[in-house]
file data_0.cif (mmCIF, C-alpha atoms)
data_work
#
loop_
_atom_site.group_PDB
_atom_site.id
_atom_site.type_symbol
_atom_site.label_atom_id
_atom_site.label_comp_id
_atom_site.auth_asym_id
_atom_site.auth_seq_id
_atom_site.Cartn_x
_atom_site.Cartn_y
_atom_site.Cartn_z
ATOM 1 C CA MET A 1071 -36.978 73.508 22.736
ATOM 2 C CA ARG A 1072 -35.439 75.958 25.201
ATOM 3 C CA GLY A 1073 -31.848 77.053 24.712
ATOM 4 C CA ALA A 1074 -29.578 78.688 22.162
ATOM 5 C CA ALA A 1075 -27.045 77.661 19.546
ATOM 6 C CA PHE A 1076 -23.899 79.270 18.166
ATOM 7 C CA VAL A 1077 -23.258 78.264 14.531
ATOM 8 C CA ASN A 1078 -20.134 79.699 12.938
ATOM 9 C CA GLY A 1079 -20.481 83.056 14.657
ATOM 10 C CA THR A 1080 -24.272 83.401 14.642
ATOM 11 C CA ILE A 1081 -26.305 82.844 17.811
ATOM 12 C CA GLY A 1082 -29.987 82.022 17.632
ATOM 13 C CA PRO A 1083 -32.765 79.788 18.968
ATOM 14 C CA LEU A 1084 -31.832 76.161 19.392
ATOM 15 C CA ASP A 1085 -34.838 74.758 17.534
ATOM 16 C CA THR A 1086 -34.090 76.712 14.333
ATOM 17 C CA ALA A 1087 -30.289 76.395 14.267
ATOM 18 C CA ALA A 1088 -28.933 74.790 11.087
ATOM 19 C CA ILE A 1089 -25.707 74.006 9.287
ATOM 20 C CA PRO A 1090 -25.233 73.515 5.503
ATOM 21 C CA ILE A 1091 -25.645 69.963 4.233
ATOM 22 C CA LEU A 1092 -22.204 70.136 2.596
ATOM 23 C CA ASP A 1093 -20.575 70.367 6.014
ATOM 24 C CA HIS A 1094 -18.288 67.334 6.288
ATOM 25 C CA GLY A 1095 -19.499 66.745 9.819
ATOM 26 C CA PHE A 1096 -22.882 65.892 8.302
ATOM 27 C CA MET A 1097 -21.589 64.177 5.169
ATOM 28 C CA TYR A 1098 -18.775 62.100 6.665
ATOM 29 C CA GLY A 1099 -18.980 62.435 10.438
ATOM 30 C CA GLU A 1100 -15.663 64.288 10.411
ATOM 31 C CA GLY A 1101 -15.608 66.190 13.650
ATOM 32 C CA VAL A 1102 -15.120 66.067 17.400
ATOM 33 C CA TYR A 1103 -17.060 67.348 20.370
ATOM 34 C CA GLU A 1104 -17.242 67.837 24.127
ATOM 35 C CA VAL A 1105 -20.148 67.914 26.569
ATOM 36 C CA LEU A 1106 -20.020 70.037 29.713
ATOM 37 C CA ARG A 1107 -22.508 70.934 32.402
ATOM 38 C CA THR A 1108 -22.760 73.810 34.826
ATOM 39 C CA TYR A 1109 -23.222 74.013 38.568
ATOM 40 C CA ASP A 1110 -24.573 77.361 39.755
ATOM 41 C CA GLY A 1111 -23.991 78.771 36.287
ATOM 42 C CA GLU A 1112 -20.308 77.850 36.059
ATOM 43 C CA PRO A 1113 -19.064 75.182 33.618
ATOM 44 C CA PHE A 1114 -17.570 72.283 35.568
ATOM 45 C CA LEU A 1115 -14.069 71.028 34.690
ATOM 46 C CA TYR A 1116 -14.042 73.349 31.684
ATOM 47 C CA ASP A 1117 -10.275 73.355 31.077
ATOM 48 C CA PRO A 1118 -9.883 69.534 30.967
ATOM 49 C CA HIS A 1119 -12.795 69.302 28.550
ATOM 50 C CA ILE A 1120 -11.316 71.889 26.179
ATOM 51 C CA ALA A 1121 -7.880 70.262 26.393
ATOM 52 C CA ARG A 1122 -9.482 66.959 25.344
ATOM 53 C CA LEU A 1123 -11.347 68.712 22.514
ATOM 54 C CA ARG A 1124 -8.013 69.900 21.159
ATOM 55 C CA ARG A 1125 -6.457 66.424 21.526
ATOM 56 C CA SER A 1126 -9.368 64.883 19.645
ATOM 57 C CA ALA A 1127 -9.095 67.481 16.886
ATOM 58 C CA ALA A 1128 -5.350 66.897 16.564
ATOM 59 C CA ALA A 1129 -5.956 63.141 16.304
ATOM 60 C CA ILE A 1130 -8.048 63.662 13.144
ATOM 61 C CA HIS A 1131 -5.672 66.368 11.824
ATOM 62 C CA LEU A 1132 -8.257 69.100 12.275
ATOM 63 C CA ASP A 1133 -6.671 72.496 12.853
ATOM 64 C CA LEU A 1134 -8.733 74.715 15.159
ATOM 65 C CA PRO A 1135 -8.280 78.385 14.198
ATOM 66 C CA PHE A 1136 -9.362 79.835 17.538
ATOM 67 C CA ASP A 1137 -7.730 80.177 20.935
ATOM 68 C CA ASP A 1138 -9.176 79.143 24.276
ATOM 69 C CA ALA A 1139 -10.188 82.706 25.176
ATOM 70 C CA ALA A 1140 -12.237 83.110 21.991
ATOM 71 C CA LEU A 1141 -13.969 79.774 22.519
ATOM 72 C CA ARG A 1142 -14.838 80.651 26.110
ATOM 73 C CA SER A 1143 -16.299 83.985 24.999
ATOM 74 C CA TRP A 1144 -18.541 82.145 22.480
ATOM 75 C CA VAL A 1145 -19.664 79.710 25.175
ATOM 76 C CA ASP A 1146 -20.483 82.578 27.538
ATOM 77 C CA ARG A 1147 -22.341 84.565 24.860
ATOM 78 C CA THR A 1148 -24.396 81.516 23.873
ATOM 79 C CA SER A 1149 -25.211 80.811 27.513
ATOM 80 C CA GLU A 1150 -26.345 84.409 28.006
ATOM 81 C CA ALA A 1151 -28.515 84.223 24.874
ATOM 82 C CA ALA A 1152 -30.116 81.004 26.138
ATOM 83 C CA GLY A 1153 -31.339 82.901 29.202
ATOM 84 C CA LEU A 1154 -31.898 79.741 31.213
ATOM 85 C CA GLU A 1155 -32.329 79.438 34.947
ATOM 86 C CA GLY A 1156 -30.665 76.548 36.743
ATOM 87 C CA ASP A 1157 -27.933 74.289 35.456
ATOM 88 C CA THR A 1158 -27.249 73.944 31.747
ATOM 89 C CA TYR A 1159 -25.926 71.379 29.293
ATOM 90 C CA ILE A 1160 -23.231 72.680 26.914
ATOM 91 C CA ARG A 1161 -22.161 70.803 23.796
ATOM 92 C CA ILE A 1162 -19.243 72.099 21.721
ATOM 93 C CA LEU A 1163 -18.774 70.576 18.264
ATOM 94 C CA THR A 1164 -16.223 71.325 15.585
ATOM 95 C CA THR A 1165 -16.159 69.729 12.162
ATOM 96 C CA ARG A 1166 -13.964 69.629 9.068
ATOM 97 C CA GLY A 1167 -16.195 72.342 7.630
ATOM 98 C CA ILE A 1168 -18.135 73.085 4.465
ATOM 99 C CA GLY A 1169 -16.800 72.040 1.077
ATOM 100 C CA ASP A 1170 -16.963 69.802 -1.950
ATOM 101 C CA LEU A 1171 -17.622 66.097 -1.472
ATOM 102 C CA SER A 1172 -14.074 64.877 -1.128
ATOM 103 C CA TYR A 1173 -11.883 63.336 1.552
ATOM 104 C CA ASP A 1174 -9.172 65.833 0.586
ATOM 105 C CA VAL A 1175 -8.870 68.224 3.538
ATOM 106 C CA ARG A 1176 -8.094 71.037 1.079
ATOM 107 C CA ALA A 1177 -11.779 70.927 0.097
ATOM 108 C CA THR A 1178 -12.717 72.345 3.521
ATOM 109 C CA PRO A 1179 -10.482 75.328 4.332
ATOM 110 C CA ALA A 1180 -12.446 76.490 7.409
ATOM 111 C CA PRO A 1181 -13.734 74.290 10.257
ATOM 112 C CA SER A 1182 -17.278 74.740 11.519
ATOM 113 C CA ILE A 1183 -17.923 75.436 15.190
ATOM 114 C CA VAL A 1184 -21.263 74.792 16.890
ATOM 115 C CA ILE A 1185 -22.164 75.399 20.543
ATOM 116 C CA VAL A 1186 -25.444 74.146 22.007
ATOM 117 C CA VAL A 1187 -26.762 75.334 25.371
ATOM 118 C CA LYS A 1188 -29.928 73.796 26.798
ATOM 119 C CA PRO A 1189 -31.347 72.957 30.241
ATOM 120 C CA GLN A 1190 -29.612 70.301 32.324
ATOM 121 C CA PRO A 1191 -32.252 68.563 34.434
ATOM 122 C CA PRO A 1192 -31.378 67.694 38.038
ATOM 123 C CA PRO A 1193 -30.598 64.061 38.860
ATOM 124 C CA ASP A 1194 -33.654 61.838 39.003
ATOM 125 C CA PRO A 1195 -34.187 60.774 42.653
ATOM 126 C CA ARG A 1196 -34.873 57.294 41.277
ATOM 127 C CA LEU A 1197 -31.140 56.895 40.562
ATOM 128 C CA ARG A 1198 -30.148 57.290 44.188
ATOM 129 C CA ASN A 1199 -33.105 55.352 45.555
ATOM 130 C CA ASP A 1200 -33.375 52.480 43.091
ATOM 131 C CA GLY A 1201 -30.388 52.492 40.715
ATOM 132 C CA ILE A 1202 -30.518 51.454 37.064
ATOM 133 C CA ALA A 1203 -30.237 48.361 34.895
ATOM 134 C CA ILE A 1204 -27.692 48.116 32.083
ATOM 135 C CA ALA A 1205 -27.024 45.469 29.430
ATOM 136 C CA LEU A 1206 -23.780 43.798 28.360
ATOM 137 C CA VAL A 1207 -24.251 43.965 24.591
ATOM 138 C CA PRO A 1208 -22.515 41.916 21.861
ATOM 139 C CA ILE A 1209 -21.500 45.035 19.908
ATOM 140 C CA LEU A 1210 -17.773 45.607 20.438
ATOM 141 C CA ARG A 1211 -16.156 48.950 21.149
ATOM 142 C CA ASN A 1212 -14.215 50.307 18.198
ATOM 143 C CA HIS A 1213 -10.757 48.828 17.692
ATOM 144 C CA PRO A 1214 -8.106 51.502 18.469
ATOM 145 C CA GLY A 1215 -6.653 50.831 15.010
ATOM 146 C CA SER A 1216 -9.972 51.821 13.426
ATOM 147 C CA VAL A 1217 -11.730 54.837 14.962
ATOM 148 C CA ASN A 1218 -9.829 55.130 18.232
ATOM 149 C CA PRO A 1219 -12.241 55.532 21.180
ATOM 150 C CA MET A 1220 -9.750 58.020 22.661
ATOM 151 C CA ILE A 1221 -11.081 60.439 20.019
ATOM 152 C CA LYS A 1222 -14.370 61.987 21.125
ATOM 153 C CA SER A 1223 -15.722 61.798 17.608
ATOM 154 C CA ASN A 1224 -19.007 63.119 16.221
ATOM 155 C CA ASN A 1225 -19.281 59.739 14.499
ATOM 156 C CA LEU A 1226 -21.260 57.884 17.170
ATOM 157 C CA LEU A 1227 -22.667 54.981 15.157
ATOM 158 C CA ASN A 1228 -20.860 52.384 17.297
ATOM 159 C CA ASN A 1229 -22.318 53.914 20.455
ATOM 160 C CA ALA A 1230 -25.784 54.329 18.952
ATOM 161 C CA LEU A 1231 -26.018 50.692 17.843
ATOM 162 C CA ALA A 1232 -24.934 49.520 21.287
ATOM 163 C CA MET A 1233 -27.493 51.748 23.009
ATOM 164 C CA GLN A 1234 -30.276 50.605 20.694
ATOM 165 C CA GLU A 1235 -29.512 47.006 21.669
ATOM 166 C CA ALA A 1236 -29.629 47.956 25.355
ATOM 167 C CA HIS A 1237 -32.992 49.658 24.890
ATOM 168 C CA ARG A 1238 -34.372 46.542 23.202
ATOM 169 C CA ARG A 1239 -33.427 44.662 26.372
ATOM 170 C CA GLY A 1240 -35.123 47.204 28.631
ATOM 171 C CA ALA A 1241 -31.828 48.640 29.930
ATOM 172 C CA GLU A 1242 -30.745 52.260 30.333
ATOM 173 C CA GLU A 1243 -27.140 51.909 29.200
ATOM 174 C CA ALA A 1244 -25.025 49.542 27.097
ATOM 175 C CA LEU A 1245 -21.826 47.989 28.412
ATOM 176 C CA MET A 1246 -19.323 46.987 25.721
ATOM 177 C CA CYS A 1247 -16.248 44.798 25.537
ATOM 178 C CA ASN A 1248 -13.202 45.347 23.363
ATOM 179 C CA TYR A 1249 -11.915 42.983 20.687
ATOM 180 C CA ARG A 1250 -10.010 41.016 23.348
ATOM 181 C CA GLY A 1251 -13.195 40.305 25.328
ATOM 182 C CA GLU A 1252 -12.286 42.707 28.142
ATOM 183 C CA LEU A 1253 -14.741 45.215 29.580
ATOM 184 C CA SER A 1254 -14.163 48.582 27.955
ATOM 185 C CA GLU A 1255 -16.843 51.211 28.579
ATOM 186 C CA CYS A 1256 -20.501 51.993 28.117
ATOM 187 C CA SER A 1257 -22.053 53.747 25.150
ATOM 188 C CA GLN A 1258 -22.150 57.114 26.963
ATOM 189 C CA SER A 1259 -20.276 56.539 30.196
ATOM 190 C CA ASN A 1260 -17.395 54.843 31.982
ATOM 191 C CA ILE A 1261 -17.936 51.907 34.331
ATOM 192 C CA PHE A 1262 -16.615 51.204 37.842
ATOM 193 C CA LEU A 1263 -16.845 48.027 39.926
ATOM 194 C CA ILE A 1264 -16.583 48.069 43.716
ATOM 195 C CA ARG A 1265 -14.903 45.018 45.195
ATOM 196 C CA GLY A 1266 -13.627 44.819 48.765
ATOM 197 C CA GLY A 1267 -14.168 48.556 49.175
ATOM 198 C CA MET A 1268 -11.955 49.390 46.175
ATOM 199 C CA ALA A 1269 -13.253 51.022 42.963
ATOM 200 C CA LEU A 1270 -11.929 49.419 39.788
ATOM 201 C CA THR A 1271 -12.333 50.777 36.271
ATOM 202 C CA PRO A 1272 -11.057 49.375 32.951
ATOM 203 C CA ARG A 1273 -7.589 50.454 31.902
ATOM 204 C CA SER A 1274 -7.193 53.099 29.223
ATOM 205 C CA THR A 1275 -5.545 50.408 27.109
ATOM 206 C CA ALA A 1276 -8.891 48.562 27.025
ATOM 207 C CA GLY A 1277 -9.889 50.955 24.240
ATOM 208 C CA LEU A 1278 -12.079 53.598 25.826
ATOM 209 C CA LEU A 1279 -12.593 57.308 26.063
ATOM 210 C CA GLU A 1280 -10.865 58.591 29.188
ATOM 211 C CA GLY A 1281 -13.828 60.369 30.713
ATOM 212 C CA ILE A 1282 -13.303 63.681 32.475
ATOM 213 C CA THR A 1283 -15.657 62.525 35.239
ATOM 214 C CA ARG A 1284 -13.799 59.189 35.342
ATOM 215 C CA ALA A 1285 -10.524 61.027 36.007
ATOM 216 C CA PHE A 1286 -12.198 63.241 38.617
ATOM 217 C CA LEU A 1287 -13.353 60.130 40.520
ATOM 218 C CA PHE A 1288 -9.714 59.268 41.262
ATOM 219 C CA GLN A 1289 -9.496 62.566 43.188
ATOM 220 C CA VAL A 1290 -12.898 62.128 44.820
ATOM 221 C CA GLY A 1291 -11.898 58.662 46.022
ATOM 222 C CA GLN A 1292 -8.932 60.132 47.865
ATOM 223 C CA ASP A 1293 -11.254 62.579 49.638
ATOM 224 C CA VAL A 1294 -13.362 59.787 51.149
ATOM 225 C CA GLY A 1295 -10.728 57.088 51.579
ATOM 226 C CA VAL A 1296 -11.829 54.917 48.642
ATOM 227 C CA LYS A 1297 -8.968 53.555 46.583
ATOM 228 C CA VAL A 1298 -9.639 53.958 42.844
ATOM 229 C CA GLU A 1299 -7.529 51.970 40.394
ATOM 230 C CA GLU A 1300 -7.428 50.888 36.776
ATOM 231 C CA ALA A 1301 -7.601 47.140 36.194
ATOM 232 C CA THR A 1302 -8.036 44.626 33.405
ATOM 233 C CA LEU A 1303 -11.657 43.532 33.816
ATOM 234 C CA THR A 1304 -13.716 40.889 32.027
ATOM 235 C CA PRO A 1305 -17.435 40.009 32.113
ATOM 236 C CA ALA A 1306 -16.629 37.382 34.767
ATOM 237 C CA ASP A 1307 -15.682 40.229 37.136
ATOM 238 C CA LEU A 1308 -19.282 41.420 37.102
ATOM 239 C CA ASP A 1309 -20.244 38.293 39.050
ATOM 240 C CA THR A 1310 -17.944 39.222 41.955
ATOM 241 C CA ALA A 1311 -18.708 42.941 42.118
ATOM 242 C CA ASP A 1312 -20.175 44.239 45.383
ATOM 243 C CA GLU A 1313 -21.370 47.400 43.642
ATOM 244 C CA VAL A 1314 -21.300 48.868 40.135
ATOM 245 C CA PHE A 1315 -21.764 52.436 38.951
ATOM 246 C CA ILE A 1316 -21.267 54.439 35.770
ATOM 247 C CA THR A 1317 -19.984 57.986 35.353
ATOM 248 C CA SER A 1318 -20.353 60.770 32.810
ATOM 249 C CA THR A 1319 -20.661 64.540 32.717
ATOM 250 C CA THR A 1320 -24.453 64.538 32.559
ATOM 251 C CA ARG A 1321 -25.110 61.345 34.551
ATOM 252 C CA GLU A 1322 -22.556 62.236 37.233
ATOM 253 C CA ILE A 1323 -22.640 58.896 39.120
ATOM 254 C CA SER A 1324 -25.421 56.398 38.433
ATOM 255 C CA PRO A 1325 -25.624 53.287 40.645
ATOM 256 C CA VAL A 1326 -26.123 50.071 38.661
ATOM 257 C CA VAL A 1327 -28.159 47.394 40.429
ATOM 258 C CA ARG A 1328 -28.653 44.922 37.586
ATOM 259 C CA ILE A 1329 -26.705 43.888 34.480
ATOM 260 C CA ASP A 1330 -28.916 41.695 32.302
ATOM 261 C CA ASP A 1331 -29.931 38.879 34.665
ATOM 262 C CA ARG A 1332 -27.187 39.631 37.206
ATOM 263 C CA VAL A 1333 -28.315 41.371 40.380
ATOM 264 C CA ILE A 1334 -25.457 43.463 41.737
ATOM 265 C CA GLY A 1335 -24.882 43.162 45.489
ATOM 266 C CA SER A 1336 -28.116 43.646 47.415
ATOM 267 C CA GLY A 1337 -29.924 44.961 44.344
ATOM 268 C CA ARG A 1338 -29.872 48.484 45.791
ATOM 269 C CA PRO A 1339 -27.416 51.382 45.342
ATOM 270 C CA GLY A 1340 -24.352 50.551 47.434
ATOM 271 C CA GLU A 1341 -22.819 52.430 50.360
ATOM 272 C CA VAL A 1342 -19.484 53.118 48.650
ATOM 273 C CA THR A 1343 -21.182 54.360 45.488
ATOM 274 C CA LEU A 1344 -23.364 56.779 47.442
ATOM 275 C CA ARG A 1345 -20.391 58.003 49.447
ATOM 276 C CA LEU A 1346 -18.522 58.778 46.239
ATOM 277 C CA TRP A 1347 -21.609 60.491 44.806
ATOM 278 C CA GLU A 1348 -21.930 62.779 47.839
ATOM 279 C CA ALA A 1349 -18.228 63.647 47.703
ATOM 280 C CA TYR A 1350 -18.487 64.295 43.966
ATOM 281 C CA HIS A 1351 -21.276 66.825 44.470
ATOM 282 C CA ARG A 1352 -19.513 68.507 47.363
ATOM 283 C CA ARG A 1353 -16.301 68.978 45.383
ATOM 284 C CA ALA A 1354 -18.130 70.002 42.188
ATOM 285 C CA LEU A 1355 -19.994 72.770 43.998
ATOM 286 C CA GLU A 1356 -16.839 73.928 45.784
ATOM 287 C CA MET A 1357 -14.791 74.025 42.589
ATOM 288 C CA THR A 1358 -17.387 75.831 40.472
ATOM 289 C CA SER A 1359 -17.994 78.353 43.244
ATOM 290 C CA LEU A 1360 -14.272 79.133 43.398
ATOM 291 C CA ALA A 1361 -14.006 79.297 39.602
ATOM 292 C CA GLY A 1362 -16.974 81.647 39.391
ATOM 293 C CA THR A 1363 -15.546 83.922 42.081
ATOM 294 C CA ALA A 1364 -12.153 84.018 40.328
ATOM 295 C CA ARG A 1365 -13.751 84.916 36.995
ATOM 296 C CA LYS A 1366 -15.824 87.677 38.591
ATOM 297 C CA LEU A 1367 -12.748 89.138 40.279
ATOM 298 C CA GLY A 1368 -10.915 88.982 36.968
ATOM 299 C CA ARG A 1369 -13.672 90.996 35.268
ATOM 300 C CA ASP A 1370 -13.785 93.538 38.120
#
call {"tool": "encode", "arguments": {"input": "data_0.cif", "output": "structure tokens"}}
result
Amino acid sequence: MRGAAFVNGTIGPLDTAAIPILDHGFMYGEGVYEVLRTYDGEPFLYDPHIARLRRSAAAIHLDLPFDDAALRSWVDRTSEAAGLEGDTYIRILTTRGIGDLSYDVRATPAPSIVIVVKPQPPPDPRLRNDGIAIALVPILRNHPGSVNPMIKSNNLLNNALAMQEAHRRGAEEALMCNYRGELSECSQSNIFLIRGGMALTPRSTAGLLEGITRAFLFQVGQDVGVKVEEATLTPADLDTADEVFITSTTREISPVVRIDDRVIGSGRPGEVTLRLWEAYHRRALEMTSLAGTARKLGRD
């Protein structure tokens, strides 16, 4: 497996990286993470991702004993060690740390920090040409009073069970409802419906992770004259959608042409979805180019 991993200060090959079994991230799932990707070697939307990492950590009362500059230097060093050409996938995880088997946070005085860098493959042309099928699964998204979906938690059992159900149905992603029966989000992405030329996405109060790409789509929509709004959506709204797409850091924008037995629109990726996708790429490349130039000037 190509890539590199940073584990508590040590950088080495990805396929041999390890963490002690007494780490509470392994034992109890106590930890949070972020996933980024690069364009032309520059992490995209890095600052919003790290801000969300800190919000997630604060939500589980996990103190992070490093500043943003130190974290960025670890990311850069790990990326250099990976020695990869082309775009990369970056996963940053922090856990409660290593200690005795106890829920008492005093048992783990030092958090663990792991950074994974591996290749990020380019988008499959099939997505743009054919779109994907997803499944509306019966597994509900976590109740905000339980493990709040606003926390990007390392504990992904809810998501994994939903995705396994989708795979059993021959779908590529799982769409979940909340406890009120409203559409919430997918197992690894946010969902948007196009209706009357407007892009609608479930409200944050539907119990979902506010995706960084999801937020970026509000800006992209303004660029191309597509109104993007939050709305309370239910499964019945899928029947009246002209187009559907999902968003995430690694998927970018994936057109959805079928949900279970529902064919969406013409059964092909829609015009509005593709327009947003093109604008997304244009802005992503512009922003990472500017960020890379600014960082180079700062070093010089």
call {"tool": "closest_atom_pairs", "arguments": {"input": "data_0.cif", "of": "range 1089-1120 of chain A", "to": "range 1146-1163 of chain A", "cutoff": "6 Å", "atoms": "only C-alpha atoms", "output": "Markdown table"}}
result
| residue | atom | partner | partner_atom | distance |
| --- | --- | --- | --- | --- |
| A:Val1102 | CA | A:Leu1163 | CA | 5.9 |
| A:Tyr1103 | CA | A:Leu1163 | CA | 4.2 |
| A:Glu1104 | CA | A:Ile1162 | CA | 5.3 |
| A:Val1105 | CA | A:Arg1161 | CA | 4.5 |
| A:Leu1106 | CA | A:Ile1160 | CA | 5.0 |
| A:Arg1107 | CA | A:Tyr1159 | CA | 4.6 |
| A:Thr1108 | CA | A:Asp1157 | CA | 5.2 |
| A:Tyr1109 | CA | A:Asp1157 | CA | 5.7 |
call {"tool": "resolve_selection", "arguments": {"input": "data_0.cif", "expression": "the PyMOL selection byres ((chain A and resi 1281) around 8)", "output": "list of chain:residue names"}}
result
A:Ser1259, A:Asn1260, A:Leu1279, A:Glu1280, A:Ile1282, A:Thr1283, A:Arg1284, A:Ala1285, A:Ser1318
call {"tool": "atom_distance", "arguments": {"input": "data_0.cif", "atom1": "CA of Phe1288 in chain A", "atom2": "CA of Ala1230 in chain A"}}
result
27.9 Å
call {"tool": "resolve_selection", "arguments": {"input": "data_0.cif", "expression": "the PyMOL selection byres ((chain A and resi 1241-1247) around 10)", "output": "number ranges by chain"}}
result
A: 1202-1212, 1229-1240, 1248-1261, 1276-1278, 1303-1305, 1316, 1326, 1328-1330
call {"tool": "resolve_selection", "arguments": {"input": "data_0.cif", "expression": "the PyMOL selection byres ((chain A and resi 1201) around 10)", "output": "PyMOL selection string"}}
result
chain A and resi 1195-1200+1202-1203+1314-1315+1324-1328+1337-1340
call {"tool": "closest_residue", "arguments": {"input": "data_0.cif", "among": "A:Arg1122, A:Arg1166, A:Arg1176, A:Arg1321", "to": "Gln1190 in chain A", "atoms": "only C-alpha atoms"}}
result
A:Arg1321
call {"tool": "atom_distance", "arguments": {"input": "data_0.cif", "atom1": "CA of Pro1181 in chain A", "atom2": "CA of Pro1118 in chain A"}}
result
21.6 Å
call {"tool": "decode", "arguments": {"input": "data_0.cif", "residues": "range 1266-1324 of chain A", "atoms": "C-alpha atoms", "output": "compact mmCIF listing (two decimals), in the first residue's frame"}}
result
# COMPACT_ATOMS: atom_id res chain seq x y z
CA GLY A 1266 -37.21 23.61 -10.19
CA GLY A 1267 -33.56 24.53 -10.68
CA MET A 1268 -32.97 24.95 -6.93
CA ALA A 1269 -30.63 22.71 -4.88
CA LEU A 1270 -32.09 21.59 -1.57
CA THR A 1271 -30.22 19.82 1.21
CA PRO A 1272 -31.46 18.64 4.63
CA ARG A 1273 -31.24 21.16 7.44
CA SER A 1274 -28.47 20.86 10.01
CA THR A 1275 -31.20 20.23 12.57
CA ALA A 1276 -32.03 16.97 10.74
CA GLY A 1277 -29.11 15.43 12.63
CA LEU A 1278 -26.20 15.34 10.21
CA LEU A 1279 -22.56 16.18 9.87
CA GLU A 1280 -22.23 19.59 8.25
CA GLY A 1281 -19.93 18.59 5.43
CA ILE A 1282 -17.15 20.94 4.37
CA THR A 1283 -17.98 20.19 0.72
CA ARG A 1284 -21.68 20.71 1.52
CA ALA A 1285 -20.92 24.21 2.82
CA PHE A 1286 -18.70 24.94 -0.19
CA LEU A 1287 -21.60 24.09 -2.53
CA PHE A 1288 -23.52 27.11 -1.21
CA GLN A 1289 -20.69 29.30 -2.57
CA VAL A 1290 -20.40 27.34 -5.81
CA GLY A 1291 -24.13 27.72 -6.41
CA GLN A 1292 -23.79 31.49 -6.27
CA ASP A 1293 -21.06 31.33 -8.93
CA VAL A 1294 -23.35 29.61 -11.45
CA GLY A 1295 -26.70 31.11 -10.48
CA VAL A 1296 -28.07 28.03 -8.71
CA LYS A 1297 -29.87 28.79 -5.48
CA VAL A 1298 -28.81 26.40 -2.70
CA GLU A 1299 -30.95 26.17 0.43
CA GLU A 1300 -31.52 24.00 3.47
CA ALA A 1301 -34.97 22.42 3.71
CA THR A 1302 -36.87 19.84 5.71
CA LEU A 1303 -36.97 16.86 3.35
CA THR A 1304 -38.69 13.48 3.62
CA PRO A 1305 -38.52 10.31 1.49
CA ALA A 1306 -41.59 11.56 -0.40
CA ASP A 1307 -39.46 14.43 -1.75
CA LEU A 1308 -37.33 11.92 -3.64
CA ASP A 1309 -40.31 11.25 -5.92
CA THR A 1310 -40.44 14.89 -7.06
CA ALA A 1311 -36.71 15.50 -7.47
CA ASP A 1312 -35.51 16.46 -10.95
CA GLU A 1313 -31.94 15.54 -10.02
CA VAL A 1314 -30.09 14.18 -6.99
CA PHE A 1315 -26.41 14.27 -6.11
CA ILE A 1316 -24.21 13.58 -3.10
CA THR A 1317 -21.13 15.45 -1.91
CA SER A 1318 -18.04 14.65 0.13
CA THR A 1319 -14.35 15.50 0.19
CA THR A 1320 -13.29 12.41 -1.75
CA ARG A 1321 -16.42 11.98 -3.90
CA GLU A 1322 -16.63 15.70 -4.72
CA ILE A 1323 -20.04 15.62 -6.47
CA SER A 1324 -21.56 12.30 -7.51
